[in-house]
file coords21.pdb (PDB, C-alpha atoms, pLDDT in the B column)
ATOM      1  CA  ASP A   1      63.198 -30.239  81.151  1.00 94.00           C
ATOM      2  CA  ILE A   2      64.121 -27.556  78.649  1.00 97.00           C
ATOM      3  CA  VAL A   3      62.629 -28.326  75.240  1.00 98.00           C
ATOM      4  CA  MET A   4      64.832 -27.604  72.239  1.00 98.00           C
ATOM      5  CA  THR A   5      63.065 -27.014  68.943  1.00 98.00           C
ATOM      6  CA  GLN A   6      64.951 -26.834  65.681  1.00 98.00           C
ATOM      7  CA  SER A   7      63.818 -25.433  62.359  1.00 96.00           C
ATOM      8  CA  PRO A   8      63.537 -26.405  59.660  1.00 97.00           C
ATOM      9  CA  ASP A   9      63.417 -30.193  59.962  1.00 98.00           C
ATOM     10  CA  SER A  10      65.308 -30.418  56.688  1.00 98.00           C
ATOM     11  CA  LEU A  11      66.780 -28.140  54.069  1.00 97.00           C
ATOM     12  CA  ALA A  12      68.429 -28.508  50.691  1.00 98.00           C
ATOM     13  CA  VAL A  13      71.166 -26.075  49.765  1.00 98.00           C
ATOM     14  CA  SER A  14      73.314 -25.778  46.665  1.00 98.00           C
ATOM     15  CA  LEU A  15      77.029 -26.407  46.962  1.00 98.00           C
ATOM     16  CA  GLY A  16      78.816 -23.224  47.963  1.00 98.00           C
ATOM     17  CA  GLU A  17      75.650 -21.609  49.292  1.00 98.00           C
ATOM     18  CA  ARG A  18      74.777 -20.722  52.875  1.00 98.00           C
ATOM     19  CA  ALA A  19      72.859 -23.076  55.150  1.00 98.00           C
ATOM     20  CA  THR A  20      71.129 -21.735  58.241  1.00 98.00           C
ATOM     21  CA  ILE A  21      69.711 -23.864  61.046  1.00 98.00           C
ATOM     22  CA  ASN A  22      67.708 -22.447  63.932  1.00 98.00           C
ATOM     23  CA  CYS A  23      67.336 -23.713  67.472  1.00 98.00           C
ATOM     24  CA  LYS A  24      64.940 -22.346  70.066  1.00 98.00           C
ATOM     25  CA  SER A  25      64.942 -23.269  73.745  1.00 98.00           C
ATOM     26  CA  SER A  26      61.802 -23.253  75.912  1.00 98.00           C
ATOM     27  CA  GLN A  27      63.635 -21.127  78.469  1.00 98.00           C
ATOM     28  CA  SER A  28      66.780 -19.055  78.432  1.00 98.00           C
ATOM     29  CA  VAL A  29      70.102 -20.902  78.522  1.00 97.00           C
ATOM     30  CA  LEU A  30      72.073 -17.717  79.179  1.00 97.00           C
ATOM     31  CA  TYR A  31      73.625 -17.736  82.639  1.00 94.00           C
ATOM     32  CA  SER A  32      73.831 -14.175  83.901  1.00 92.00           C
ATOM     33  CA  VAL A  33      76.762 -14.807  86.248  1.00 92.00           C
ATOM     34  CA  ASP A  34      79.232 -15.661  83.484  1.00 92.00           C
ATOM     35  CA  ASN A  35      77.277 -14.318  80.494  1.00 94.00           C
ATOM     36  CA  LYS A  36      77.630 -17.630  78.682  1.00 96.00           C
ATOM     37  CA  ASN A  37      75.013 -19.427  76.646  1.00 97.00           C
ATOM     38  CA  TYR A  38      74.984 -23.083  77.609  1.00 97.00           C
ATOM     39  CA  LEU A  39      74.379 -24.425  74.140  1.00 98.00           C
ATOM     40  CA  GLY A  40      76.243 -26.726  71.765  1.00 98.00           C
ATOM     41  CA  TRP A  41      75.915 -27.937  68.188  1.00 98.00           C
ATOM     42  CA  TYR A  42      76.667 -31.385  66.800  1.00 98.00           C
ATOM     43  CA  GLN A  43      76.968 -32.904  63.348  1.00 98.00           C
ATOM     44  CA  GLN A  44      75.919 -36.488  62.700  1.00 98.00           C
ATOM     45  CA  LYS A  45      76.790 -38.113  59.400  1.00 98.00           C
ATOM     46  CA  PRO A  46      75.052 -41.339  58.331  1.00 95.00           C
ATOM     47  CA  GLY A  47      76.233 -44.341  60.315  1.00 95.00           C
ATOM     48  CA  GLN A  48      78.344 -42.206  62.652  1.00 98.00           C
ATOM     49  CA  PRO A  49      77.898 -40.814  66.151  1.00 98.00           C
ATOM     50  CA  PRO A  50      77.303 -37.114  66.716  1.00 98.00           C
ATOM     51  CA  LYS A  51      80.410 -34.964  66.582  1.00 98.00           C
ATOM     52  CA  LEU A  52      80.784 -31.773  68.612  1.00 98.00           C
ATOM     53  CA  LEU A  53      81.100 -28.708  66.405  1.00 98.00           C
ATOM     54  CA  ILE A  54      80.435 -25.743  68.692  1.00 98.00           C
ATOM     55  CA  TYR A  55      80.060 -25.086  72.414  1.00 98.00           C
ATOM     56  CA  TRP A  56      79.163 -21.974  74.427  1.00 98.00           C
ATOM     57  CA  ALA A  57      76.927 -21.208  71.438  1.00 98.00           C
ATOM     58  CA  SER A  58      79.737 -19.779  69.320  1.00 98.00           C
ATOM     59  CA  THR A  59      83.090 -21.416  70.163  1.00 98.00           C
ATOM     60  CA  ARG A  60      84.262 -23.800  67.466  1.00 98.00           C
ATOM     61  CA  GLU A  61      85.742 -27.079  68.610  1.00 98.00           C
ATOM     62  CA  PHE A  62      89.373 -27.600  67.616  1.00 97.00           C
ATOM     63  CA  GLY A  63      89.638 -28.748  64.011  1.00 97.00           C
ATOM     64  CA  VAL A  64      86.162 -27.649  62.933  1.00 98.00           C
ATOM     65  CA  PRO A  65      86.276 -25.674  59.662  1.00 98.00           C
ATOM     66  CA  ASP A  66      85.617 -21.963  60.005  1.00 97.00           C
ATOM     67  CA  ARG A  67      82.705 -22.169  57.558  1.00 98.00           C
ATOM     68  CA  PHE A  68      80.741 -23.384  60.595  1.00 98.00           C
ATOM     69  CA  SER A  69      79.657 -20.634  62.966  1.00 98.00           C
ATOM     70  CA  GLY A  70      77.230 -20.357  65.852  1.00 98.00           C
ATOM     71  CA  SER A  71      75.355 -17.306  67.044  1.00 98.00           C
ATOM     72  CA  GLY A  72      72.453 -16.238  69.209  1.00 98.00           C
ATOM     73  CA  SER A  73      71.699 -15.726  72.869  1.00 98.00           C
ATOM     74  CA  GLY A  74      69.026 -16.444  75.448  1.00 97.00           C
ATOM     75  CA  THR A  75      66.499 -18.657  73.710  1.00 98.00           C
ATOM     76  CA  ASP A  76      67.286 -18.258  70.000  1.00 98.00           C
ATOM     77  CA  PHE A  77      70.344 -19.685  68.300  1.00 98.00           C
ATOM     78  CA  THR A  78      71.636 -20.269  64.793  1.00 98.00           C
ATOM     79  CA  LEU A  79      74.173 -22.583  63.200  1.00 98.00           C
ATOM     80  CA  THR A  80      75.435 -21.274  59.873  1.00 98.00           C
ATOM     81  CA  ILE A  81      77.421 -23.115  57.250  1.00 98.00           C
ATOM     82  CA  SER A  82      78.751 -20.266  55.147  1.00 98.00           C
ATOM     83  CA  SER A  83      79.594 -22.261  52.029  1.00 98.00           C
ATOM     84  CA  LEU A  84      78.111 -25.746  51.951  1.00 98.00           C
ATOM     85  CA  GLN A  85      80.464 -28.557  50.981  1.00 98.00           C
ATOM     86  CA  ALA A  86      79.513 -32.083  49.967  1.00 98.00           C
ATOM     87  CA  GLU A  87      80.987 -33.459  53.205  1.00 98.00           C
ATOM     88  CA  ASP A  88      78.611 -31.282  55.238  1.00 98.00           C
ATOM     89  CA  VAL A  89      75.606 -33.475  54.359  1.00 98.00           C
ATOM     90  CA  ALA A  90      74.453 -34.587  57.795  1.00 98.00           C
ATOM     91  CA  VAL A  91      71.910 -34.108  60.534  1.00 98.00           C
ATOM     92  CA  TYR A  92      72.676 -31.258  62.916  1.00 98.00           C
ATOM     93  CA  TYR A  93      71.563 -31.121  66.556  1.00 98.00           C
ATOM     94  CA  CYS A  94      71.577 -28.424  69.189  1.00 98.00           C
ATOM     95  CA  GLN A  95      72.005 -29.325  72.862  1.00 98.00           C
ATOM     96  CA  GLN A  96      71.381 -27.274  75.976  1.00 98.00           C
ATOM     97  CA  TYR A  97      73.486 -27.990  79.040  1.00 98.00           C
ATOM     98  CA  TYR A  98      72.129 -25.160  81.211  1.00 97.00           C
ATOM     99  CA  GLU A  99      70.099 -27.567  83.312  1.00 96.00           C
ATOM    100  CA  ARG A 100      71.451 -30.698  84.931  1.00 94.00           C
ATOM    101  CA  VAL A 101      69.392 -32.792  82.516  1.00 96.00           C
ATOM    102  CA  SER A 102      70.818 -31.956  79.135  1.00 97.00           C
ATOM    103  CA  THR A 103      68.420 -32.085  76.196  1.00 98.00           C
ATOM    104  CA  PHE A 104      68.764 -32.080  72.420  1.00 98.00           C
ATOM    105  CA  GLY A 105      66.797 -30.679  69.536  1.00 98.00           C
ATOM    106  CA  GLN A 106      65.089 -33.078  67.150  1.00 98.00           C
ATOM    107  CA  GLY A 107      67.681 -32.503  64.427  1.00 98.00           C
ATOM    108  CA  THR A 108      67.860 -30.743  61.070  1.00 98.00           C
ATOM    109  CA  LYS A 109      68.823 -32.711  57.983  1.00 98.00           C
ATOM    110  CA  VAL A 110      71.008 -30.849  55.490  1.00 98.00           C
ATOM    111  CA  GLU A 111      71.147 -32.085  51.902  1.00 98.00           C
ATOM    112  CA  ILE A 112      72.555 -30.901  48.602  1.00 98.00           C
ATOM    113  CA  LYS A 113      70.113 -29.263  46.206  1.00 96.00           C
TER     114      LYS A 113
ATOM    115  CA  GLN B   1      93.643 -39.763  70.957  1.00 94.00           C
ATOM    116  CA  LEU B   2      90.799 -40.725  73.256  1.00 96.00           C
ATOM    117  CA  GLN B   3      88.540 -43.433  71.850  1.00 97.00           C
ATOM    118  CA  LEU B   4      85.436 -45.077  73.246  1.00 98.00           C
ATOM    119  CA  GLN B   5      83.893 -48.362  72.146  1.00 98.00           C
ATOM    120  CA  GLU B   6      80.522 -49.711  73.219  1.00 98.00           C
ATOM    121  CA  SER B   7      79.597 -53.373  73.430  1.00 97.00           C
ATOM    122  CA  GLY B   8      76.224 -54.912  74.074  1.00 94.00           C
ATOM    123  CA  PRO B   9      73.981 -57.926  73.510  1.00 95.00           C
ATOM    124  CA  GLY B  10      72.299 -56.762  70.304  1.00 93.00           C
ATOM    125  CA  LEU B  11      68.929 -58.504  70.547  1.00 96.00           C
ATOM    126  CA  VAL B  12      67.187 -58.944  73.898  1.00 97.00           C
ATOM    127  CA  LYS B  13      63.714 -59.929  75.039  1.00 97.00           C
ATOM    128  CA  PRO B  14      61.307 -57.662  76.920  1.00 97.00           C
ATOM    129  CA  SER B  15      61.680 -57.762  80.727  1.00 96.00           C
ATOM    130  CA  GLU B  16      65.281 -58.989  80.494  1.00 97.00           C
ATOM    131  CA  ALA B  17      68.153 -57.255  82.237  1.00 97.00           C
ATOM    132  CA  VAL B  18      70.647 -55.707  79.831  1.00 97.00           C
ATOM    133  CA  SER B  19      74.237 -54.608  80.357  1.00 98.00           C
ATOM    134  CA  LEU B  20      76.282 -52.394  78.079  1.00 98.00           C
ATOM    135  CA  THR B  21      79.993 -51.689  78.393  1.00 98.00           C
ATOM    136  CA  CYS B  22      82.123 -48.818  77.181  1.00 98.00           C
ATOM    137  CA  THR B  23      85.843 -49.417  76.890  1.00 98.00           C
ATOM    138  CA  VAL B  24      88.047 -46.335  76.859  1.00 97.00           C
ATOM    139  CA  SER B  25      91.442 -46.257  75.151  1.00 96.00           C
ATOM    140  CA  GLY B  26      94.001 -43.537  74.553  1.00 95.00           C
ATOM    141  CA  GLY B  27      93.257 -41.944  77.908  1.00 93.00           C
ATOM    142  CA  SER B  28      92.267 -42.595  81.481  1.00 91.00           C
ATOM    143  CA  LEU B  29      88.891 -42.626  83.174  1.00 93.00           C
ATOM    144  CA  THR B  30      90.580 -41.065  86.172  1.00 93.00           C
ATOM    145  CA  THR B  31      89.879 -37.351  85.895  1.00 88.00           C
ATOM    146  CA  THR B  32      87.850 -34.825  87.839  1.00 84.00           C
ATOM    147  CA  SER B  33      87.289 -32.619  84.803  1.00 92.00           C
ATOM    148  CA  TYR B  34      85.173 -35.137  82.965  1.00 95.00           C
ATOM    149  CA  SER B  35      82.567 -37.754  83.669  1.00 96.00           C
ATOM    150  CA  TRP B  36      81.532 -40.646  81.451  1.00 98.00           C
ATOM    151  CA  ALA B  37      78.107 -40.719  79.918  1.00 98.00           C
ATOM    152  CA  TRP B  38      75.540 -42.896  78.230  1.00 98.00           C
ATOM    153  CA  ILE B  39      73.229 -41.389  75.621  1.00 98.00           C
ATOM    154  CA  ARG B  40      70.739 -43.188  73.448  1.00 98.00           C
ATOM    155  CA  GLN B  41      69.189 -42.390  70.101  1.00 98.00           C
ATOM    156  CA  SER B  42      65.917 -43.727  68.785  1.00 96.00           C
ATOM    157  CA  PRO B  43      63.671 -42.603  65.945  1.00 88.00           C
ATOM    158  CA  GLY B  44      60.864 -41.858  68.361  1.00 87.00           C
ATOM    159  CA  GLN B  45      62.686 -40.090  71.179  1.00 91.00           C
ATOM    160  CA  GLY B  46      65.758 -38.674  69.478  1.00 95.00           C
ATOM    161  CA  LEU B  47      68.897 -38.182  71.563  1.00 98.00           C
ATOM    162  CA  GLU B  48      68.441 -38.740  75.294  1.00 98.00           C
ATOM    163  CA  TRP B  49      71.010 -38.430  78.058  1.00 98.00           C
ATOM    164  CA  ILE B  50      70.706 -41.438  80.383  1.00 98.00           C
ATOM    165  CA  GLY B  51      73.347 -40.762  83.003  1.00 97.00           C
ATOM    166  CA  SER B  52      76.973 -39.974  83.759  1.00 97.00           C
ATOM    167  CA  ILE B  53      79.489 -41.441  86.176  1.00 96.00           C
ATOM    168  CA  TYR B  54      82.746 -40.223  87.671  1.00 95.00           C
ATOM    169  CA  ASP B  55      85.820 -42.340  88.268  1.00 94.00           C
ATOM    170  CA  SER B  56      84.860 -42.329  91.961  1.00 93.00           C
ATOM    171  CA  GLY B  57      81.775 -44.349  91.072  1.00 94.00           C
ATOM    172  CA  THR B  58      79.362 -41.514  91.819  1.00 94.00           C
ATOM    173  CA  ALA B  59      76.671 -41.533  89.167  1.00 95.00           C
ATOM    174  CA  TYR B  60      74.054 -39.010  88.148  1.00 96.00           C
ATOM    175  CA  TYR B  61      70.985 -40.059  86.245  1.00 96.00           C
ATOM    176  CA  ASN B  62      68.300 -38.529  84.130  1.00 96.00           C
ATOM    177  CA  PRO B  63      65.164 -38.879  86.329  1.00 95.00           C
ATOM    178  CA  SER B  64      63.417 -40.428  83.316  1.00 95.00           C
ATOM    179  CA  PHE B  65      65.704 -43.452  83.649  1.00 94.00           C
ATOM    180  CA  LYS B  66      66.763 -43.412  87.298  1.00 87.00           C
ATOM    181  CA  SER B  67      64.468 -46.172  88.514  1.00 90.00           C
ATOM    182  CA  ARG B  68      65.603 -48.613  85.811  1.00 96.00           C
ATOM    183  CA  VAL B  69      69.317 -48.070  85.294  1.00 97.00           C
ATOM    184  CA  THR B  70      72.567 -48.419  87.201  1.00 98.00           C
ATOM    185  CA  MET B  71      75.983 -47.260  86.090  1.00 98.00           C
ATOM    186  CA  SER B  72      79.313 -48.593  87.289  1.00 98.00           C
ATOM    187  CA  VAL B  73      82.974 -47.989  86.546  1.00 97.00           C
ATOM    188  CA  ASP B  74      86.175 -50.029  86.668  1.00 96.00           C
ATOM    189  CA  THR B  75      89.138 -47.677  86.497  1.00 93.00           C
ATOM    190  CA  SER B  76      91.682 -50.514  86.633  1.00 94.00           C
ATOM    191  CA  LYS B  77      90.320 -51.893  83.360  1.00 95.00           C
ATOM    192  CA  ASN B  78      89.335 -48.509  81.940  1.00 95.00           C
ATOM    193  CA  TYR B  79      85.695 -49.224  81.257  1.00 97.00           C
ATOM    194  CA  PHE B  80      82.285 -48.179  82.526  1.00 98.00           C
ATOM    195  CA  SER B  81      78.931 -49.845  82.229  1.00 98.00           C
ATOM    196  CA  LEU B  82      75.203 -49.299  82.048  1.00 98.00           C
ATOM    197  CA  LYS B  83      72.669 -51.820  83.276  1.00 98.00           C
ATOM    198  CA  PHE B  84      68.931 -51.809  82.672  1.00 96.00           C
ATOM    199  CA  SER B  85      67.031 -53.834  85.253  1.00 96.00           C
ATOM    200  CA  SER B  86      64.268 -54.669  82.804  1.00 96.00           C
ATOM    201  CA  VAL B  87      63.822 -53.506  79.231  1.00 97.00           C
ATOM    202  CA  ILE B  88      60.768 -52.790  77.130  1.00 96.00           C
ATOM    203  CA  ALA B  89      60.302 -52.371  73.394  1.00 96.00           C
ATOM    204  CA  ALA B  90      60.667 -48.598  73.725  1.00 95.00           C
ATOM    205  CA  ASP B  91      64.255 -49.126  74.871  1.00 97.00           C
ATOM    206  CA  THR B  92      65.172 -50.192  71.352  1.00 97.00           C
ATOM    207  CA  ALA B  93      67.820 -47.675  70.347  1.00 98.00           C
ATOM    208  CA  THR B  94      71.425 -47.079  69.491  1.00 98.00           C
ATOM    209  CA  TYR B  95      73.340 -46.557  72.713  1.00 98.00           C
ATOM    210  CA  TYR B  96      76.365 -44.307  72.768  1.00 98.00           C
ATOM    211  CA  CYS B  97      78.972 -43.733  75.411  1.00 98.00           C
ATOM    212  CA  ALA B  98      80.789 -40.421  75.523  1.00 98.00           C
ATOM    213  CA  ARG B  99      83.036 -38.262  77.641  1.00 98.00           C
ATOM    214  CA  HIS B 100      80.976 -35.645  79.437  1.00 97.00           C
ATOM    215  CA  ASP B 101      82.750 -32.358  80.028  1.00 95.00           C
ATOM    216  CA  ALA B 102      82.308 -31.135  83.578  1.00 91.00           C
ATOM    217  CA  ARG B 103      84.812 -28.310  83.800  1.00 91.00           C
ATOM    218  CA  GLN B 104      83.798 -25.287  85.844  1.00 87.00           C
ATOM    219  CA  ARG B 105      80.400 -26.719  86.674  1.00 89.00           C
ATOM    220  CA  TYR B 106      78.840 -27.150  90.091  1.00 91.00           C
ATOM    221  CA  CYS B 107      78.787 -30.691  91.429  1.00 89.00           C
ATOM    222  CA  SER B 108      77.762 -32.112  94.788  1.00 88.00           C
ATOM    223  CA  ILE B 109      76.857 -35.567  95.982  1.00 86.00           C
ATOM    224  CA  ASN B 110      73.213 -34.955  95.148  1.00 86.00           C
ATOM    225  CA  ILE B 111      73.319 -32.893  92.009  1.00 89.00           C
ATOM    226  CA  CYS B 112      75.817 -32.279  89.241  1.00 91.00           C
ATOM    227  CA  TYR B 113      75.863 -30.055  86.197  1.00 92.00           C
ATOM    228  CA  PHE B 114      77.736 -30.947  83.039  1.00 94.00           C
ATOM    229  CA  ASN B 115      78.590 -29.456  79.668  1.00 96.00           C
ATOM    230  CA  TRP B 116      78.890 -31.064  76.238  1.00 98.00           C
ATOM    231  CA  PHE B 117      79.648 -34.608  75.085  1.00 98.00           C
ATOM    232  CA  ASP B 118      82.919 -35.199  73.270  1.00 97.00           C
ATOM    233  CA  PRO B 119      84.078 -37.606  71.933  1.00 98.00           C
ATOM    234  CA  TRP B 120      81.458 -40.285  71.352  1.00 98.00           C
ATOM    235  CA  GLY B 121      81.821 -43.982  70.694  1.00 98.00           C
ATOM    236  CA  PRO B 122      80.445 -45.417  67.441  1.00 98.00           C
ATOM    237  CA  GLY B 123      77.357 -46.778  69.203  1.00 98.00           C
ATOM    238  CA  THR B 124      75.770 -50.170  69.717  1.00 98.00           C
ATOM    239  CA  LEU B 125      72.258 -51.080  68.630  1.00 98.00           C
ATOM    240  CA  VAL B 126      70.043 -52.738  71.197  1.00 98.00           C
ATOM    241  CA  THR B 127      66.829 -54.237  69.872  1.00 97.00           C
ATOM    242  CA  VAL B 128      64.170 -55.297  72.360  1.00 97.00           C
ATOM    243  CA  SER B 129      61.872 -57.858  70.813  1.00 96.00           C
ATOM    244  CA  SER B 130      60.252 -61.140  71.713  1.00 95.00           C
TER     245      SER B 130
END

call {"tool": "encode", "arguments": {"input": "coords21.pdb", "output": "structure tokens"}}
result
Amino acid sequence: DIVMTQSPDSLAVSLGERATINCKSSQSVLYSVDNKNYLGWYQQKPGQPPKLLIYWASTREFGVPDRFSGSGSGTDFTLTISSLQAEDVAVYYCQQYYERVSTFGQGTKVEIK
Amino acid sequence: QLQLQESGPGLVKPSEAVSLTCTVSGGSLTTTSYSWAWIRQSPGQGLEWIGSIYDSGTAYYNPSFKSRVTMSVDTSKNYFSLKFSSVIAADTATYYCARHDARQRYCSINICYFNWFDPWGPGTLVTVSS
């Protein structure tokens, strides 16, 4: 299975500041035929299920604020929150769906400094 | 708006069989573009995909669980289920059901590729303890 490793495990950011979360896959999730990266990002708030934020590494799900953006290709990806809001406190997960067995990163906890 | 709701036994004993159900509302299970998935979350193992099933009843499992789980679907009642043949303490987790996007992915009787999970149900906690 592809191993997804996120960094850092947690970070504290001041309100209005940028938060950056990294995700690295043990093998490339870029499919050369369609040039798509088979990677998604989720947000999980306390007591709630994960919520899809981004798919194809950089496409925002409908209704997701544009302060959330995804970037990267191949094995290295980033989720950026451009201006952290109080409601963004959560754990964020990356997921690869390149292989038939989808796997998730261990999560990154984002808090307010 | 599509909504999913899990139900389960809560507390079970080791070696018991366990069944979980996911009831879908606001939409139909009958679709070729999506399958219906179970995912679990535990402090030790994080998020793990268990398996996904189509409305036809064809199911695809994570090999890590294949020998112990069976999925089924009832399209007339709009629900799908997960059954563990025998649970152990390590199966203690919150179990989520979710819609599993399958658009533009290869799928055959033996192997199927999927995309992301969206939406998810709120989850049900299963605790395995004697």

call {"tool": "atom_distance", "arguments": {"input": "coords21.pdb", "atom1": "atom CA of A:Tyr92", "atom2": "atom CA of B:Thr127"}}
result
24.7 Å

call {"tool": "resolve_selection", "arguments": {"input": "coords21.pdb", "expression": "the ChimeraX specification (/A :<12) & /B", "output": "VMD selection string"}}
result
chain B and resid 4 to 6 37 to 52 60 to 66 94 to 102 104 to 108 110 to 125

call {"tool": "atom_distance", "arguments": {"input": "coords21.pdb", "atom1": "atom CA of B:Gly8", "atom2": "atom CA of B:Ser33"}}
result
27.1 Å

call {"tool": "resolve_selection", "arguments": {"input": "coords21.pdb", "expression": "the PyMOL selection byres ((chain A and resi 5) around 7)", "output": "list of chain:residue names"}}
result
A:Val3, A:Met4, A:Gln6, A:Ser7, A:Cys23, A:Lys24, A:Ser25, A:Gly105, A:Gln106

call {"tool": "residues_around", "arguments": {"input": "coords21.pdb", "residues": "A:Thr80", "least_positions_apart": "5", "cutoff": "8 Å", "atoms": "all atoms listed in the file", "output": "PyMOL selection string"}}
result
chain A and resi 18-21+67-70

call {"tool": "resolve_selection", "arguments": {"input": "coords21.pdb", "expression": "the PyMOL selection byres ((chain B and resi 72-76) around 12)", "output": "PyMOL selection string"}}
result
chain B and resi 19-25+27-31+35-38+51-61+69-71+77-84

call {"tool": "atom_distance", "arguments": {"input": "coords21.pdb", "atom1": "atom CA of A:Gln43", "atom2": "atom CA of A:Val91"}}
result
5.9 Å

call {"tool": "residues_around", "arguments": {"input": "coords21.pdb", "residues": "A:Asp66", "least_positions_apart": "6", "cutoff": "9 Å", "atoms": "only C-alpha atoms", "output": "VMD selection string"}}
result
chain A and resid 60 81 to 82

call {"tool": "axis_aligned_box", "arguments": {"input": "coords21.pdb", "around": "stretch 14-24 of chain B", "padding_each_side": "8 Å", "output": "JSON"}}
result
{"center_x": 74.7, "center_y": -52.7, "center_z": 79.5, "size_x": 42.7, "size_y": 28.7, "size_z": 21.4}

call {"tool": "closest_residue", "arguments": {"input": "coords21.pdb", "among": "B:Ser7, B:Ser130, B:Gln1, B:Thr92", "to": "B:Gly26", "atoms": "only C-alpha atoms"}}
result
B:Gln1
